[in-house]
Structures are given as structure tokens and as C-alpha cells.
file run-v5.txt (compact mmCIF, C-alpha atoms)
# COMPACT_ATOMS: atom_id res chain seq x y z
CA MET A 169 -28.24 164.97 190.63
CA LEU A 170 -29.48 166.92 193.68
CA ALA A 171 -26.10 168.62 194.13
CA GLU A 172 -26.32 169.65 190.46
CA ASP A 173 -29.80 171.05 191.13
CA VAL A 174 -28.39 173.23 193.92
CA LYS A 175 -25.69 174.58 191.61
CA GLY A 176 -28.22 175.19 188.85
CA LEU A 177 -30.43 177.17 191.22
CA MET A 178 -27.45 179.20 192.45
CA ASP A 179 -26.42 179.98 188.88
CA PHE A 180 -29.98 180.92 187.90
CA ILE A 181 -30.46 183.39 190.74
CA GLY A 182 -26.88 184.65 190.62
CA ILE A 183 -25.48 183.44 193.93
CA GLU A 184 -21.71 182.93 193.86
CA LYS A 185 -20.95 181.47 197.31
CA VAL A 186 -23.08 180.03 200.12
CA HIS A 187 -23.13 178.64 203.61
CA VAL A 188 -24.50 175.10 203.22
CA VAL A 189 -26.50 173.38 205.96
CA GLY A 190 -27.53 169.77 205.47
CA ARG A 191 -29.53 167.55 207.80
CA SER A 192 -29.93 163.80 207.37
CA PHE A 193 -30.16 163.03 203.64
CA GLY A 194 -29.66 166.74 202.96
CA GLY A 195 -26.28 166.38 204.66
CA MET A 196 -25.24 163.80 202.10
CA ILE A 197 -26.35 166.11 199.29
CA ALA A 198 -24.43 168.98 200.93
CA GLN A 199 -21.28 166.86 201.11
CA HIS A 200 -21.53 165.94 197.43
CA PHE A 201 -22.06 169.61 196.57
CA VAL A 202 -19.01 170.71 198.58
CA LEU A 203 -16.81 168.03 197.06
CA LYS A 204 -17.92 168.90 193.55
CA TYR A 205 -18.00 172.70 193.94
CA PRO A 206 -15.70 173.71 196.80
CA GLU A 207 -15.27 177.18 195.30
CA LYS A 208 -19.02 177.78 195.78
CA VAL A 209 -19.03 177.09 199.53
CA GLU A 210 -18.09 179.41 202.36
CA LYS A 211 -19.02 177.03 205.22
CA LEU A 212 -20.51 173.56 205.57
CA ILE A 213 -22.69 172.56 208.53
CA LEU A 214 -23.78 168.93 208.84
CA ILE A 215 -26.53 167.78 211.20
CA ALA A 216 -27.52 164.17 211.92
CA THR A 217 -26.10 162.80 208.68
CA ASN A 218 -23.46 160.39 207.43
CA PHE A 219 -21.13 160.18 204.49
CA GLY A 220 -23.46 158.12 202.30
CA ARG A 221 -22.35 154.92 200.66
CA ILE A 222 -22.10 153.53 197.17
CA ASP A 223 -23.92 150.28 197.96
CA THR A 224 -27.68 150.51 198.43
CA ASP A 225 -28.02 148.13 201.39
CA TRP A 226 -27.55 150.99 203.85
CA VAL A 227 -30.80 152.60 202.66
CA GLU A 228 -32.94 149.83 204.15
CA ILE A 229 -31.95 150.55 207.76
CA PRO A 230 -33.12 154.19 207.93
CA LYS A 231 -36.10 153.39 205.69
CA LYS A 232 -37.27 150.70 208.11
CA GLY A 233 -36.74 153.09 211.03
CA ARG A 234 -38.72 155.89 209.36
CA LEU A 235 -41.60 153.54 208.53
CA GLU A 236 -41.70 152.41 212.17
CA GLU A 237 -41.55 156.05 213.32
CA ILE A 238 -44.52 157.00 211.12
CA GLU A 239 -46.57 154.21 212.67
CA THR A 240 -45.49 155.14 216.22
CA ILE A 241 -46.39 158.81 215.67
CA LYS A 242 -49.98 157.78 214.96
CA HIS A 243 -50.35 156.06 218.36
CA ASP A 244 -47.75 157.66 220.63
CA PRO A 245 -46.11 160.87 219.37
CA LEU A 246 -44.12 161.32 222.61
CA LYS A 247 -42.58 157.85 222.26
CA ALA A 248 -41.71 158.55 218.62
CA PHE A 249 -40.07 161.84 219.58
CA LYS A 250 -38.00 160.23 222.35
CA GLN A 251 -36.85 157.42 220.04
CA LYS A 252 -35.74 159.88 217.37
CA SER A 253 -34.29 162.63 219.56
CA PRO A 254 -30.93 160.93 220.32
CA TRP A 255 -30.22 161.05 216.58
CA VAL A 256 -31.12 164.73 216.30
CA PHE A 257 -30.32 166.51 219.59
CA HIS A 258 -27.32 166.65 221.90
CA VAL A 259 -27.83 164.79 225.20
CA LYS A 260 -27.71 167.99 227.29
CA PHE A 261 -30.31 169.66 225.12
CA ARG A 262 -32.58 166.58 225.25
CA LYS A 263 -32.37 166.52 229.04
CA GLU A 264 -33.26 170.20 229.23
CA MET A 265 -36.24 169.71 226.91
CA GLU A 266 -37.48 166.68 228.83
CA SER A 267 -37.16 168.44 232.18
CA ASN A 268 -39.48 171.21 230.95
CA PRO A 269 -41.44 170.21 227.81
CA ASN A 270 -43.19 173.63 227.69
CA LYS A 271 -39.97 175.68 227.73
CA LYS A 272 -39.54 177.81 224.61
CA PHE A 273 -36.04 177.62 223.16
CA PHE A 274 -34.82 180.72 221.36
CA ASP A 275 -38.34 182.11 221.99
CA PHE A 276 -39.42 179.86 219.14
CA PHE A 277 -40.12 176.20 219.98
CA SER A 278 -40.61 173.80 222.84
CA MET A 279 -40.43 170.02 222.99
CA GLU A 280 -44.23 170.00 222.98
CA ASP A 281 -44.22 172.14 219.83
CA LEU A 282 -41.85 169.73 218.09
CA ILE A 283 -44.00 166.73 219.06
CA ARG A 284 -47.19 168.47 217.89
CA GLU A 285 -45.48 169.48 214.63
CA SER A 286 -44.54 165.84 213.95
CA THR A 287 -48.22 164.89 213.94
CA ILE A 288 -49.27 167.58 211.43
CA ASN A 289 -49.08 166.29 207.88
CA PRO A 290 -46.50 163.57 208.64
CA SER A 291 -44.65 161.72 205.93
CA ARG A 292 -46.62 158.93 204.34
CA PRO A 293 -45.11 155.43 204.12
CA GLN A 294 -45.04 155.77 200.34
CA ASP A 295 -42.96 158.98 200.67
CA VAL A 296 -40.32 157.06 202.60
CA ILE A 297 -40.37 154.12 200.21
CA ASN A 298 -39.95 156.45 197.23

call {"tool": "encode", "arguments": {"input": "run-v5.txt", "output": "C-alpha cells"}}
result
Amino acid sequence: MLAEDVKGLMDFIGIEKVHVVGRSFGGMIAQHFVLKYPEKVEKLILIATNFGRIDTDWVEIPKKGRLEEIETIKHDPLKAFKQKSPWVFHVKFRKEMESNPNKKFFDFFSMEDLIRESTINPSRPQDVIN
């Protein structure tokens, strides 16, 4: 359904071909979109995602992890960041961030910025459950 929504939006605004970037669940949507509409895609970039599965048991593992992360963020945002970062960032990049948490990458963000951002309007447990 979400891949269909992407195509519908593209059709509505008149976009013929796109570069698709999908992270986590968005990566699964991106893969479905590319498989269904390969003629609409110039490039596909996948970040911290998997191929998805037909059975629903796999959903419980990341859901449990996200619920634990939300709770950890409340009490120890640094710990939550360090637990999640291996799933999101390359090991060399993580080491560079940890060696200098104030360093701005691409003149845009630092590790401290990312940690602070995670505490502003975080997901609610009900969001994850839904």
C-alpha cells in the first residue's frame, strides 16, 4: 500500500523517475516500490534495512527493541544512542563520532546533536505498537 502511495504521489505531481532512499522500514517500502515499478527508479539506496518477510513474527523483534530504546532515551540518551548506532552507522564513523562528540560532520551535525535530537519529541510506545 505504501509503495502505491509513492507512485500515486509521483503521478499527481508529475514526476517520471526518481532516486529512492529508504532507511529501516522505509527501505522495505523502497524495495517493494522498485520491484513493482522499476521503470520509475533511477537509483535505489538502502540504509539499515532488510528485505522484509511475509510472516509477521519478525515484527516483534524490532518492536521490542524500539520500545526498550524509548525507555532508555528517557533515562540515558547516550546509552540509547550507543546501543542503536551499530545498526545505523559504519564502525569507522562511530569511532570518529565517539572520539569527538562535538565534531560537526558535513558542517551540519555532531554526535551530541544526534543524541539531543533523539530526546526531542521521541516516538511514543503507542506509535511503535501501531

call {"tool": "residues_near_point", "arguments": {"input": "run-v5.txt", "point": "(-35.1, 165.9, 217.0)", "cutoff": "12 Å", "atoms": "only C-alpha atoms", "output": "list of chain:residue names"}}
result
A:Arg191, A:Ser192, A:Ile215, A:Ala216, A:Leu246, A:Ala248, A:Phe249, A:Lys250, A:Gln251, A:Lys252, A:Ser253, A:Pro254, A:Trp255, A:Val256, A:Phe257, A:His258, A:Val259, A:Phe261, A:Arg262, A:Met265, A:Phe277, A:Ser278, A:Met279, A:Glu280, A:Asp281, A:Leu282, A:Ile283, A:Glu285, A:Ser286

call {"tool": "closest_residue", "arguments": {"input": "run-v5.txt", "among": "A:Leu214, A:Val296, A:Ile229, A:Ala198", "to": "Leu170 of chain A", "atoms": "only C-alpha atoms"}}
result
A:Ala198

call {"tool": "atom_distance", "arguments": {"input": "run-v5.txt", "atom1": "atom CA of Val209 of chain A", "atom2": "atom CA of Met196 of chain A"}}
result
14.9 Å

call {"tool": "residues_near_point", "arguments": {"input": "run-v5.txt", "point": "(-51.5, 160.7, 217.9)", "cutoff": "10 Å", "atoms": "all atoms listed in the file", "output": "ChimeraX atom specification"}}
result
/A:239-246,283-284,286-288

call {"tool": "residues_around", "arguments": {"input": "run-v5.txt", "residues": "segment 175-183 of chain A", "least_positions_apart": "6", "cutoff": "9 Å", "atoms": "all atoms listed in the file", "output": "MDAnalysis selection string"}}
result
chainID A and resid 201 205 208

call {"tool": "atom_distance", "arguments": {"input": "run-v5.txt", "atom1": "atom CA of Phe219 of chain A", "atom2": "atom CA of Gly195 of chain A"}}
result
8.1 Å

call {"tool": "atom_distance", "arguments": {"input": "run-v5.txt", "atom1": "atom CA of His200 of chain A", "atom2": "atom CA of Lys231 of chain A"}}
result
20.9 Å

call {"tool": "closest_residue", "arguments": {"input": "run-v5.txt", "among": "A:Lys232, A:Leu203, A:Asp225, A:Glu210", "to": "Val189 of chain A", "atoms": "only C-alpha atoms"}}
result
A:Glu210

call {"tool": "closest_residue", "arguments": {"input": "run-v5.txt", "among": "A:Ile197, A:Ile297, A:Ile238, A:Val186", "to": "Asn218 of chain A", "atoms": "all atoms listed in the file"}}
result
A:Ile197

call {"tool": "build_atoms", "arguments": {"input": "run-v5.txt", "residues": "segment 225-239 of chain A", "atoms": "N, CA and C atoms", "output": "tab-separated table (two decimals), in the coordinates of the input"}}
result
chain	number	residue	atom	x	y	z
A	225	ASP	N	-27.52	148.84	200.21
A	225	ASP	CA	-28.02	148.13	201.39
A	225	ASP	C	-28.26	149.06	202.57
A	226	TRP	N	-27.44	150.09	202.71
A	226	TRP	CA	-27.55	150.99	203.85
A	226	TRP	C	-28.88	151.74	203.87
A	227	VAL	N	-29.54	151.86	202.74
A	227	VAL	CA	-30.80	152.60	202.66
A	227	VAL	C	-31.91	151.89	203.44
A	228	GLU	N	-31.86	150.58	203.51
A	228	GLU	CA	-32.94	149.83	204.15
A	228	GLU	C	-33.04	150.09	205.65
A	229	ILE	N	-31.93	150.34	206.31
A	229	ILE	CA	-31.95	150.55	207.76
A	229	ILE	C	-32.72	151.83	208.12
A	230	PRO	N	-32.34	153.00	207.58
A	230	PRO	CA	-33.12	154.19	207.93
A	230	PRO	C	-34.55	154.14	207.39
A	231	LYS	N	-34.75	153.50	206.23
A	231	LYS	CA	-36.10	153.39	205.69
A	231	LYS	C	-37.00	152.61	206.64
A	232	LYS	N	-36.50	151.50	207.15
A	232	LYS	CA	-37.27	150.70	208.11
A	232	LYS	C	-37.56	151.53	209.36
A	233	GLY	N	-36.56	152.26	209.85
A	233	GLY	CA	-36.74	153.09	211.03
A	233	GLY	C	-37.77	154.17	210.81
A	234	ARG	N	-37.75	154.83	209.65
A	234	ARG	CA	-38.72	155.89	209.36
A	234	ARG	C	-40.13	155.33	209.26
A	235	LEU	N	-40.28	154.14	208.64
A	235	LEU	CA	-41.60	153.54	208.53
A	235	LEU	C	-42.15	153.19	209.92
A	236	GLU	N	-41.28	152.69	210.80
A	236	GLU	CA	-41.70	152.41	212.17
A	236	GLU	C	-42.06	153.71	212.90
A	237	GLU	N	-41.28	154.75	212.68
A	237	GLU	CA	-41.55	156.05	213.32
A	237	GLU	C	-42.91	156.60	212.89
A	238	ILE	N	-43.23	156.51	211.61
A	238	ILE	CA	-44.52	157.00	211.12
A	238	ILE	C	-45.67	156.28	211.82
A	239	GLU	N	-45.53	154.99	211.99
A	239	GLU	CA	-46.57	154.21	212.67
A	239	GLU	C	-46.65	154.59	214.15
